[in-house]
>>> print(open('target12.cif').read())   # mmCIF, C-alpha atoms
data_coords
loop_
_atom_site.label_atom_id
_atom_site.label_comp_id
_atom_site.auth_asym_id
_atom_site.auth_seq_id
_atom_site.Cartn_x
_atom_site.Cartn_y
_atom_site.Cartn_z
CA MET A 74 23.01 13.71 14.09
CA ALA A 75 21.23 12.30 11.05
CA LYS A 76 17.89 10.68 11.73
CA ASP A 77 17.34 7.02 10.91
CA LYS A 78 15.71 6.17 7.59
CA ILE A 79 12.60 4.23 8.56
CA VAL A 80 9.98 2.99 6.10
CA LEU A 81 6.34 2.58 7.13
CA THR A 82 3.66 1.47 4.73
CA GLY A 83 0.77 -0.98 4.55
CA ASP A 84 -2.53 -2.12 3.10
CA ARG A 85 -6.12 -2.54 4.18
CA PRO A 86 -6.95 -6.29 4.31
CA THR A 87 -10.18 -6.38 2.30
CA GLY A 88 -9.14 -9.10 -0.14
CA ARG A 89 -6.16 -10.38 -2.08
CA LEU A 90 -3.69 -7.85 -3.51
CA HIS A 91 -3.69 -7.08 -7.22
CA ILE A 92 -1.31 -5.91 -9.90
CA GLY A 93 -2.26 -2.30 -9.20
CA HIS A 94 -0.97 -2.70 -5.65
CA TYR A 95 2.27 -4.13 -7.02
CA VAL A 96 3.16 -1.41 -9.50
CA GLY A 97 1.82 1.34 -7.24
CA SER A 98 3.53 0.41 -3.97
CA LEU A 99 4.69 -3.19 -3.55
CA ARG A 100 7.47 -2.87 -6.11
CA GLN A 101 8.78 0.23 -4.32
CA ARG A 102 8.82 -1.73 -1.06
CA LEU A 103 11.00 -4.41 -2.62
CA ILE A 104 13.41 -1.74 -3.85
CA LEU A 105 13.54 -0.16 -0.40
CA GLN A 106 14.01 -3.55 1.25
CA GLU A 107 17.23 -3.98 -0.76
CA ASP A 108 18.45 -0.44 -0.04
CA PRO A 109 21.38 -0.63 2.42
CA SER A 110 20.73 2.94 3.59
CA ILE A 111 17.35 1.95 5.09
CA ASP A 112 17.62 1.34 8.84
CA LYS A 113 14.21 -0.22 9.50
CA MET A 114 11.19 -1.18 7.44
CA PHE A 115 7.64 -1.86 8.66
CA ILE A 116 4.63 -3.06 6.70
CA MET A 117 1.31 -2.76 8.49
CA ILE A 118 -1.80 -4.79 7.75
CA ALA A 119 -4.39 -2.13 8.53
CA ASP A 120 -7.21 -4.32 9.81
CA ALA A 121 -8.57 -1.69 12.20
CA GLN A 122 -8.98 0.71 9.28
CA ALA A 123 -10.56 -2.03 7.17
CA LEU A 124 -13.15 -2.59 9.89
CA THR A 125 -14.35 1.03 9.69
CA ASP A 126 -16.34 0.13 6.58
CA ASN A 127 -16.53 -3.63 7.13
CA ALA A 128 -17.75 -3.68 10.73
CA ASP A 129 -20.58 -6.03 9.77
CA ASN A 130 -18.20 -8.46 8.09
CA PRO A 131 -15.17 -9.04 10.35
CA GLU A 132 -14.70 -12.52 8.90
CA LYS A 133 -13.77 -10.93 5.56
CA VAL A 134 -11.11 -8.85 7.27
CA ARG A 135 -9.80 -11.75 9.35
CA GLU A 136 -9.35 -14.00 6.32
CA SER A 137 -7.84 -11.17 4.28
CA VAL A 138 -5.11 -10.61 6.87
CA LEU A 139 -3.67 -14.01 5.96
CA GLN A 140 -4.30 -13.52 2.24
CA VAL A 141 -2.46 -10.19 2.19
CA THR A 142 0.44 -11.64 4.18
CA MET A 143 0.74 -14.51 1.71
CA ASP A 144 0.86 -11.96 -1.11
CA TYR A 145 3.65 -10.08 0.67
CA LEU A 146 5.73 -13.19 1.18
CA SER A 147 5.04 -14.41 -2.35
CA ILE A 148 6.37 -11.26 -4.03
CA GLY A 149 9.56 -11.36 -1.97
CA ILE A 150 8.97 -9.35 1.18
CA ASP A 151 11.47 -10.87 3.62
CA PRO A 152 10.30 -10.96 7.28
CA ASP A 153 13.94 -11.04 8.39
CA ARG A 154 14.42 -7.58 6.88
CA THR A 155 10.89 -6.17 6.92
CA THR A 156 8.61 -6.28 9.94
CA ILE A 157 5.07 -7.29 8.98
CA PHE A 158 2.50 -6.60 11.71
CA ILE A 159 -1.23 -6.35 12.42
CA GLN A 160 -2.49 -2.86 13.22
CA SER A 161 -5.20 -3.76 15.75
CA LYS A 162 -2.70 -5.74 17.86
CA ILE A 163 -0.66 -2.60 18.63
CA PRO A 164 -2.49 -0.83 21.52
CA ALA A 165 -0.18 2.21 21.37
CA LEU A 166 -1.56 3.14 17.94
CA HIS A 167 -5.08 3.57 19.28
CA GLU A 168 -3.93 5.58 22.29
CA MET A 169 -1.85 7.87 20.08
CA THR A 170 -4.84 8.42 17.81
CA MET A 171 -6.83 9.73 20.79
CA TYR A 172 -4.10 12.23 21.67
CA TYR A 173 -3.77 13.41 18.05
CA MET A 174 -7.54 13.97 17.80
CA ASN A 175 -7.09 16.86 20.22
CA LEU A 176 -4.71 18.54 17.77
CA VAL A 177 -6.92 18.36 14.65
CA THR A 178 -10.18 20.17 13.90
CA VAL A 179 -13.21 18.61 12.24
CA ALA A 180 -12.99 21.25 9.51
CA ARG A 181 -9.40 20.21 8.69
CA VAL A 182 -10.33 16.57 8.27
CA GLN A 183 -13.31 17.54 6.12
CA ARG A 184 -11.01 19.41 3.75
CA ASN A 185 -8.77 16.39 3.18
CA PRO A 186 -9.23 15.50 -0.53
CA THR A 187 -8.50 11.80 0.00
CA VAL A 188 -11.14 11.56 2.73
CA LYS A 189 -13.67 13.43 0.58
CA ASN A 190 -13.07 11.15 -2.40
CA GLU A 191 -13.26 7.97 -0.32
CA ILE A 192 -16.51 9.12 1.34
CA LYS A 193 -18.06 9.77 -2.06
CA MET A 194 -16.81 6.51 -3.55
CA ARG A 195 -18.32 4.47 -0.71
CA GLY A 196 -21.58 6.39 -0.59
CA PHE A 197 -21.01 7.53 3.00
CA GLU A 198 -22.24 11.13 2.54
CA ALA A 199 -25.38 10.64 4.64
CA ASN A 200 -24.16 7.91 6.98
CA LEU A 201 -20.45 8.36 7.65
CA PRO A 202 -18.79 6.16 10.31
CA VAL A 203 -16.67 8.23 12.69
CA GLY A 204 -13.85 5.70 12.42
CA PHE A 205 -13.69 6.19 8.66
CA PHE A 206 -13.81 9.97 9.01
CA THR A 207 -10.78 10.00 11.32
CA TYR A 208 -8.60 8.04 8.88
CA PRO A 209 -5.94 10.75 8.52
CA ILE A 210 -5.45 10.92 12.29
CA SER A 211 -5.21 7.15 12.63
CA GLN A 212 -2.75 7.02 9.76
CA ALA A 213 -0.60 9.66 11.45
CA SER A 214 -0.41 7.38 14.49
CA ASP A 215 0.60 4.44 12.32
CA ILE A 216 3.46 6.40 10.79
CA THR A 217 4.74 8.28 13.82
CA ALA A 218 4.60 5.29 16.18
CA PHE A 219 7.57 3.87 14.28
CA MET A 220 9.22 7.25 13.63
CA GLY A 221 8.59 6.63 9.93
CA THR A 222 10.53 8.95 7.65
CA ILE A 223 9.65 7.32 4.30
CA VAL A 224 6.10 6.35 3.32
CA PRO A 225 5.74 4.60 -0.06
CA VAL A 226 2.15 5.19 -1.23
CA GLY A 227 0.18 6.14 -4.33
CA GLU A 228 -0.31 9.78 -5.27
CA ASP A 229 -3.90 9.69 -4.00
CA GLN A 230 -2.49 9.37 -0.47
CA GLU A 231 -0.39 12.54 -0.64
CA PRO A 232 -2.98 14.65 1.27
CA MET A 233 -2.91 12.05 4.06
CA ILE A 234 0.86 12.33 4.41
CA GLU A 235 0.65 16.11 4.45
CA GLN A 236 -1.91 15.98 7.26
CA CYS A 237 0.38 13.65 9.19
CA ARG A 238 3.18 16.20 8.80
CA GLU A 239 0.85 18.89 10.17
CA ILE A 240 0.05 16.75 13.20
CA VAL A 241 3.75 16.14 13.84
CA ARG A 242 4.47 19.87 13.67
CA LYS A 243 1.57 20.68 16.00
CA PHE A 244 2.61 18.03 18.53
CA ASN A 245 6.25 19.13 18.52
CA ALA A 246 5.31 22.80 18.81
CA THR A 247 3.04 22.05 21.75
CA TYR A 248 5.05 19.49 23.70
CA GLY A 249 8.62 19.57 22.39
CA GLU A 250 10.59 17.87 19.62
CA VAL A 251 9.63 14.18 19.86
CA LEU A 252 8.22 13.14 16.48
CA VAL A 253 9.70 13.24 12.95
CA GLU A 254 8.00 14.37 9.76
CA PRO A 255 7.62 11.69 7.09
CA GLU A 256 8.31 12.07 3.38
CA ILE A 257 6.13 10.52 0.68
CA TYR A 258 7.82 8.03 -1.66
CA LEU A 259 6.02 7.89 -5.02
CA PRO A 260 6.47 5.25 -7.77
CA TYR A 261 9.37 6.09 -10.07
CA ASN A 262 7.38 5.16 -13.19
CA LYS A 263 4.60 7.64 -14.02
CA ALA A 264 2.53 4.82 -15.50
CA CYS A 265 2.48 3.33 -12.02
CA LEU A 266 1.04 6.33 -10.23
CA ARG A 267 -2.42 4.96 -10.84
CA LEU A 268 -2.84 1.75 -12.84
CA PRO A 269 -6.34 1.66 -14.37
CA GLY A 270 -8.72 -1.25 -14.12
CA THR A 271 -8.97 -3.79 -16.92
CA ASP A 272 -12.20 -2.07 -18.02
CA GLY A 273 -10.47 1.30 -18.44
CA GLN A 274 -11.84 2.74 -15.20
CA ALA A 275 -9.51 5.22 -13.54
CA LYS A 276 -8.68 2.89 -10.65
CA MET A 277 -8.25 -0.83 -10.29
CA SER A 278 -10.62 -1.83 -7.50
CA LYS A 279 -11.80 -5.08 -5.96
CA SER A 280 -15.32 -3.69 -5.64
CA LEU A 281 -15.47 -2.86 -9.36
CA GLY A 282 -14.34 -6.33 -10.40
CA ASN A 283 -11.71 -4.93 -12.77
CA THR A 284 -8.62 -6.34 -11.07
CA ILE A 285 -5.83 -8.73 -11.95
CA TYR A 286 -4.82 -10.41 -8.71
CA LEU A 287 -1.26 -11.44 -7.94
CA SER A 288 -2.67 -14.89 -7.19
CA ASP A 289 -4.67 -15.27 -10.44
CA SER A 290 -4.17 -18.53 -12.33
CA GLU A 291 -2.88 -18.47 -15.90
CA GLU A 292 -6.39 -19.13 -17.20
CA GLU A 293 -7.91 -16.34 -15.09
CA LEU A 294 -5.18 -14.03 -16.32
CA ARG A 295 -5.86 -14.95 -19.96
CA THR A 296 -9.57 -14.22 -19.64
CA LYS A 297 -8.96 -10.82 -18.06
CA VAL A 298 -6.22 -9.68 -20.45
CA MET A 299 -8.07 -10.71 -23.61
CA SER A 300 -11.14 -8.74 -22.49
CA MET A 301 -9.20 -5.59 -21.57
CA TYR A 302 -10.29 -2.15 -22.69
CA THR A 303 -8.28 -0.70 -25.61
CA ASP A 304 -9.16 2.01 -28.15
CA PRO A 305 -12.89 1.83 -28.97
CA ASN A 306 -12.25 3.47 -32.36
CA HIS A 307 -9.64 0.88 -33.36
CA ILE A 308 -12.17 -1.40 -35.02
CA ARG A 309 -10.15 -2.85 -37.89
CA ILE A 310 -6.51 -3.86 -37.82
CA GLU A 311 -5.63 -1.27 -40.47
CA ASP A 312 -7.20 1.56 -38.47
CA PRO A 313 -4.82 3.96 -36.67
CA GLY A 314 -4.97 3.33 -32.94
CA GLN A 315 -4.73 5.53 -29.85
CA VAL A 316 -2.09 4.60 -27.28
CA GLU A 317 -2.96 7.26 -24.72
CA GLY A 318 -5.75 6.00 -22.48
CA ASN A 319 -5.39 2.51 -23.92
CA THR A 320 -5.30 0.20 -20.90
CA VAL A 321 -3.18 -2.48 -22.57
CA PHE A 322 -0.41 -0.01 -23.36
CA THR A 323 -0.62 1.52 -19.89
CA TYR A 324 0.03 -1.94 -18.44
CA LEU A 325 2.94 -2.46 -20.83
CA ASP A 326 4.40 0.90 -19.77
CA ALA A 327 4.32 -0.29 -16.19
CA LEU A 328 5.39 -3.91 -16.58
CA VAL A 329 7.38 -4.56 -19.74
CA GLN A 330 10.98 -5.67 -19.13
CA PRO A 331 14.11 -4.88 -21.18
CA ASP A 332 14.18 -8.43 -22.59
CA SER A 333 10.42 -8.84 -23.10
CA PHE A 334 10.51 -8.06 -26.82
CA GLU A 335 13.44 -10.35 -27.50
CA LYS A 336 11.56 -13.19 -25.78
CA TYR A 337 8.01 -12.67 -26.95
CA LEU A 338 7.82 -10.14 -29.79
CA PRO A 339 11.21 -10.02 -31.56
CA GLU A 340 9.93 -8.12 -34.61
CA TYR A 341 9.95 -5.00 -32.42
CA LYS A 342 13.00 -3.61 -30.65
CA ASN A 343 11.11 -1.87 -27.87
CA LEU A 344 7.80 -0.45 -26.69
CA ASP A 345 8.21 2.76 -28.68
CA GLU A 346 8.31 0.77 -31.92
CA LEU A 347 5.20 -1.16 -30.92
CA LYS A 348 3.34 2.03 -30.06
CA SER A 349 4.38 3.67 -33.33
CA HIS A 350 3.03 0.75 -35.36
CA TYR A 351 -0.25 0.78 -33.43
CA ARG A 352 -0.66 4.53 -33.98
CA ARG A 353 -0.19 4.34 -37.74
CA GLY A 354 -2.42 1.28 -38.13
CA GLY A 355 -1.82 -2.30 -39.18
CA LEU A 356 -1.47 -3.76 -35.68
CA GLY A 357 -4.38 -5.58 -34.07
CA ASP A 358 -5.41 -5.44 -30.43
CA VAL A 359 -5.27 -9.22 -30.10
CA LYS A 360 -1.56 -9.31 -30.92
CA VAL A 361 -0.77 -6.63 -28.37
CA LYS A 362 -2.91 -8.34 -25.73
CA LYS A 363 -1.18 -11.67 -26.31
CA PHE A 364 2.16 -9.95 -25.81
CA LEU A 365 0.94 -8.38 -22.55
CA LEU A 366 -0.37 -11.77 -21.44
CA LYS A 367 3.10 -13.30 -21.85
CA VAL A 368 4.74 -10.41 -20.01
CA LEU A 369 2.27 -10.65 -17.13
CA ASN A 370 2.40 -14.42 -16.91
CA GLU A 371 6.21 -14.45 -16.75
CA PHE A 372 5.95 -12.04 -13.83
CA LEU A 373 3.24 -13.98 -11.99
CA VAL A 374 4.56 -17.56 -12.38
CA PRO A 375 7.14 -17.38 -9.52
CA ILE A 376 4.63 -15.52 -7.33
CA ARG A 377 2.05 -18.27 -7.87
CA GLU A 378 4.61 -20.94 -7.02
CA ARG A 379 5.68 -19.26 -3.76
CA ARG A 380 2.07 -18.58 -2.81
CA ALA A 381 1.18 -22.24 -3.25
CA TYR A 382 3.77 -23.09 -0.58
CA TYR A 383 2.31 -20.61 1.92
CA GLU A 384 -1.23 -21.79 1.22
CA GLU A 385 -0.09 -25.30 2.17
CA HIS A 386 1.78 -24.02 5.27
CA PRO A 387 -0.42 -21.43 7.00
CA GLU A 388 1.50 -21.96 10.23
CA VAL A 389 4.50 -20.24 8.60
CA VAL A 390 2.36 -17.22 7.74
CA VAL A 391 0.88 -17.01 11.24
CA ASP A 392 4.36 -17.22 12.79
CA VAL A 393 5.60 -14.35 10.60
CA LEU A 394 2.67 -12.22 11.77
CA ARG A 395 3.12 -13.13 15.43
CA LYS A 396 6.83 -12.29 15.50
CA GLY A 397 6.41 -9.13 13.46
CA THR A 398 3.57 -7.88 15.63
CA GLU A 399 5.57 -8.49 18.83
CA LYS A 400 8.49 -6.51 17.42
CA ALA A 401 6.26 -3.67 16.19
CA ASN A 402 4.47 -3.50 19.53
CA ALA A 403 7.76 -2.94 21.37
CA GLU A 404 8.76 -0.15 18.95
CA ALA A 405 5.39 1.63 19.22
CA GLU A 406 5.43 1.45 23.02
CA GLN A 407 8.80 3.20 23.10
CA THR A 408 7.43 6.07 21.01
CA LEU A 409 4.29 6.31 23.12
CA ASP A 410 6.39 6.50 26.30
CA LYS A 411 8.36 9.42 24.83
CA MET A 412 5.15 11.19 23.82
CA LYS A 413 3.51 10.79 27.22
CA LYS A 414 6.63 12.02 28.98
CA ALA A 415 6.69 15.09 26.73
CA MET A 416 2.96 15.66 27.37
CA GLN A 417 3.61 15.27 31.12
CA ILE A 418 0.95 12.58 31.43
CA ASP A 419 3.38 9.84 32.42
CA TYR A 420 1.74 10.20 35.83
CA PHE A 421 3.21 7.48 38.02
CA ASN A 422 6.79 7.98 36.88
CA GLN A 423 6.42 11.73 37.28
CA TRP A 424 4.91 11.38 40.76
CA ALA A 425 7.71 8.98 41.68
CA GLU A 426 10.22 11.71 40.82
CA ASP A 427 8.19 14.48 42.48
CA TYR A 428 7.67 12.64 45.77
CA ASN A 429 10.67 10.29 45.82
CA LEU A 430 8.47 7.20 45.42
CA ASP A 431 9.24 3.81 43.96
CA LYS A 432 8.60 3.78 40.22
CA VAL A 433 5.62 1.72 39.07
CA ASP A 434 5.53 0.25 35.59
CA MET A 435 2.02 1.29 34.47
#
>>> encode(input="target12.cif", output="structure tokens")
Amino acid sequence: MAKDKIVLTGDRPTGRLHIGHYVGSLRQRLILQEDPSIDKMFIMIADAQALTDNADNPEKVRESVLQVTMDYLSIGIDPDRTTIFIQSKIPALHEMTMYYMNLVTVARVQRNPTVKNEIKMRGFEANLPVGFFTYPISQASDITAFMGTIVPVGEDQEPMIEQCREIVRKFNATYGEVLVEPEIYLPYNKACLRLPGTDGQAKMSKSLGNTIYLSDSEEELRTKVMSMYTDPNHIRIEDPGQVEGNTVFTYLDALVQPDSFEKYLPEYKNLDELKSHYRRGGLGDVKVKKFLLKVLNEFLVPIRERRAYYEEHPEVVVDVLRKGTEKANAEAEQTLDKMKKAMQIDYFNQWAEDYNLDKVDM
């Protein structure tokens, strides 16, 4: 019998979501939401993970939970088709993490490239929180609690998914076939695998201040686009320009639409023509940036409008989270029950069978 196709993904609530989140994962979620072959879809707001490096600022995390949910709803995530829930409100996830910790060695976690990179980026080498260190194990709980088979993430998360698969295999080999191995779902557009920051840095990051938020106003967007990193050697308009590594063109690769040129730059048929002109010289950065600004603004206008509604009606957002969390909690509890039965630690039910006692729901 074919297993259900279940999507599990999410974000750490440490601020509003940006355009990098959209092209890297959010857009894939919208595609999956419309896919009739998908049986269930869950999006987790990973507040417990966010607290591992924001323990001294829980207010930031609390406020960001609502901000991230508003971003989800504004881009078109439909709570009737996609369950949005809060990680810390699902007790089964934390219990499952404890059980999985017994199946993973410290050395294995230390070898995880994603963990190593994140530790270095946050300066945790000498003072590493245990909660942050055990990320891969916690993430395995998040995925397996919902029997997730499809996990849409960026390529930097691939080592985390592989470690989850290892945990699933170890659990099943030890206790019996209960859990399913997930598959990673990468962006279809290579330009979206890792969208750079507006300053040309390898990654768009809130902490680096090089982000374009989905909730940015038109004026904020204009300021950021017109100051974007291009080709430092393209000083005069007549100079040949480099497209590779040019942030503006990377964004166009990721976001330009089939009708964008007809609407905003009709002297070019497509992006290839624009790139060719830039490479041979005679095309200024300002013109290309203004084109990108129009492309981005067209994309963000409906998102801004929907977000304005949710900002005025926070009760709608809270209700979405409450209902989604209740539904997710029921799903996770079912998986936990199966796991504990397989591990033979479902004590009271087992004793009831062994000694012909009344079953106790505990």
>>> closest_atom_pairs(input="target12.cif", of="range 234-291 of chain A", to="range 75-97 of chain A", cutoff="12 Å", atoms="only C-alpha atoms", output="tab-separated table")
residue	atom	partner	partner_atom	distance
A:Ile234	CA	A:Thr82	CA	11.2
A:Leu252	CA	A:Lys76	CA	11.1
A:Val253	CA	A:Lys76	CA	8.7
A:Glu254	CA	A:Lys76	CA	10.7
A:Pro255	CA	A:Val80	CA	9.1
A:Glu256	CA	A:Val80	CA	9.6
A:Ile257	CA	A:Val80	CA	10.0
A:Tyr258	CA	A:Val80	CA	9.5
A:Leu259	CA	A:Gly97	CA	8.1
A:Pro260	CA	A:Gly97	CA	6.1
A:Tyr261	CA	A:Gly97	CA	9.4
A:Asn262	CA	A:Val96	CA	8.6
A:Lys263	CA	A:Gly97	CA	9.7
A:Ala264	CA	A:Val96	CA	8.7
A:Cys265	CA	A:Gly97	CA	5.2
A:Leu266	CA	A:Gly97	CA	5.9
A:Arg267	CA	A:Gly97	CA	6.6
A:Leu268	CA	A:Gly93	CA	5.5
A:Pro269	CA	A:Gly93	CA	7.7
A:Gly270	CA	A:Gly93	CA	8.2
A:Thr271	CA	A:Gly93	CA	10.3
A:Ala275	CA	A:Gly93	CA	11.3
A:Lys276	CA	A:Gly93	CA	8.4
A:Met277	CA	A:Gly93	CA	6.3
A:Ser278	CA	A:Gly93	CA	8.5
A:Lys279	CA	A:Gly88	CA	7.6
A:Ser280	CA	A:Thr87	CA	9.8
A:Gly282	CA	A:His91	CA	11.1
A:Asn283	CA	A:His91	CA	10.0
A:Thr284	CA	A:His91	CA	6.3
A:Ile285	CA	A:His91	CA	5.4
A:Tyr286	CA	A:His91	CA	3.8
A:Leu287	CA	A:His91	CA	5.0
A:Ser288	CA	A:Arg89	CA	7.7
A:Asp289	CA	A:His91	CA	8.9
>>> resolve_selection(input="target12.cif", expression="the PyMOL selection byres ((chain A and resi 178) around 12)", output="PyMOL selection string")
chain A and resi 173-177+179-185+206-207+209-210+236+239-240+243
>>> residues_near_point(input="target12.cif", point="(-0.4, -10.5, 10.5)", cutoff="10 Å", atoms="only C-alpha atoms", output="ChimeraX atom specification")
/A:86,116-120,135,137-143,156-162,390-398
>>> resolve_selection(input="target12.cif", expression="the PyMOL selection byres ((chain A and resi 365) around 12)", output="PyMOL selection string")
chain A and resi 294-295+297-299+301+320-330+333-334+337-338+344+347+358-364+366-372
>>> closest_residue(input="target12.cif", among="A:Thr247, A:Leu281, A:Thr155, A:Pro387", to="Glu136 in chain A", atoms="only C-alpha atoms")
A:Pro387
>>> closest_residue(input="target12.cif", among="A:Leu146, A:Met416, A:Leu201, A:Met220", to="Arg380 in chain A", atoms="only C-alpha atoms")
A:Leu146
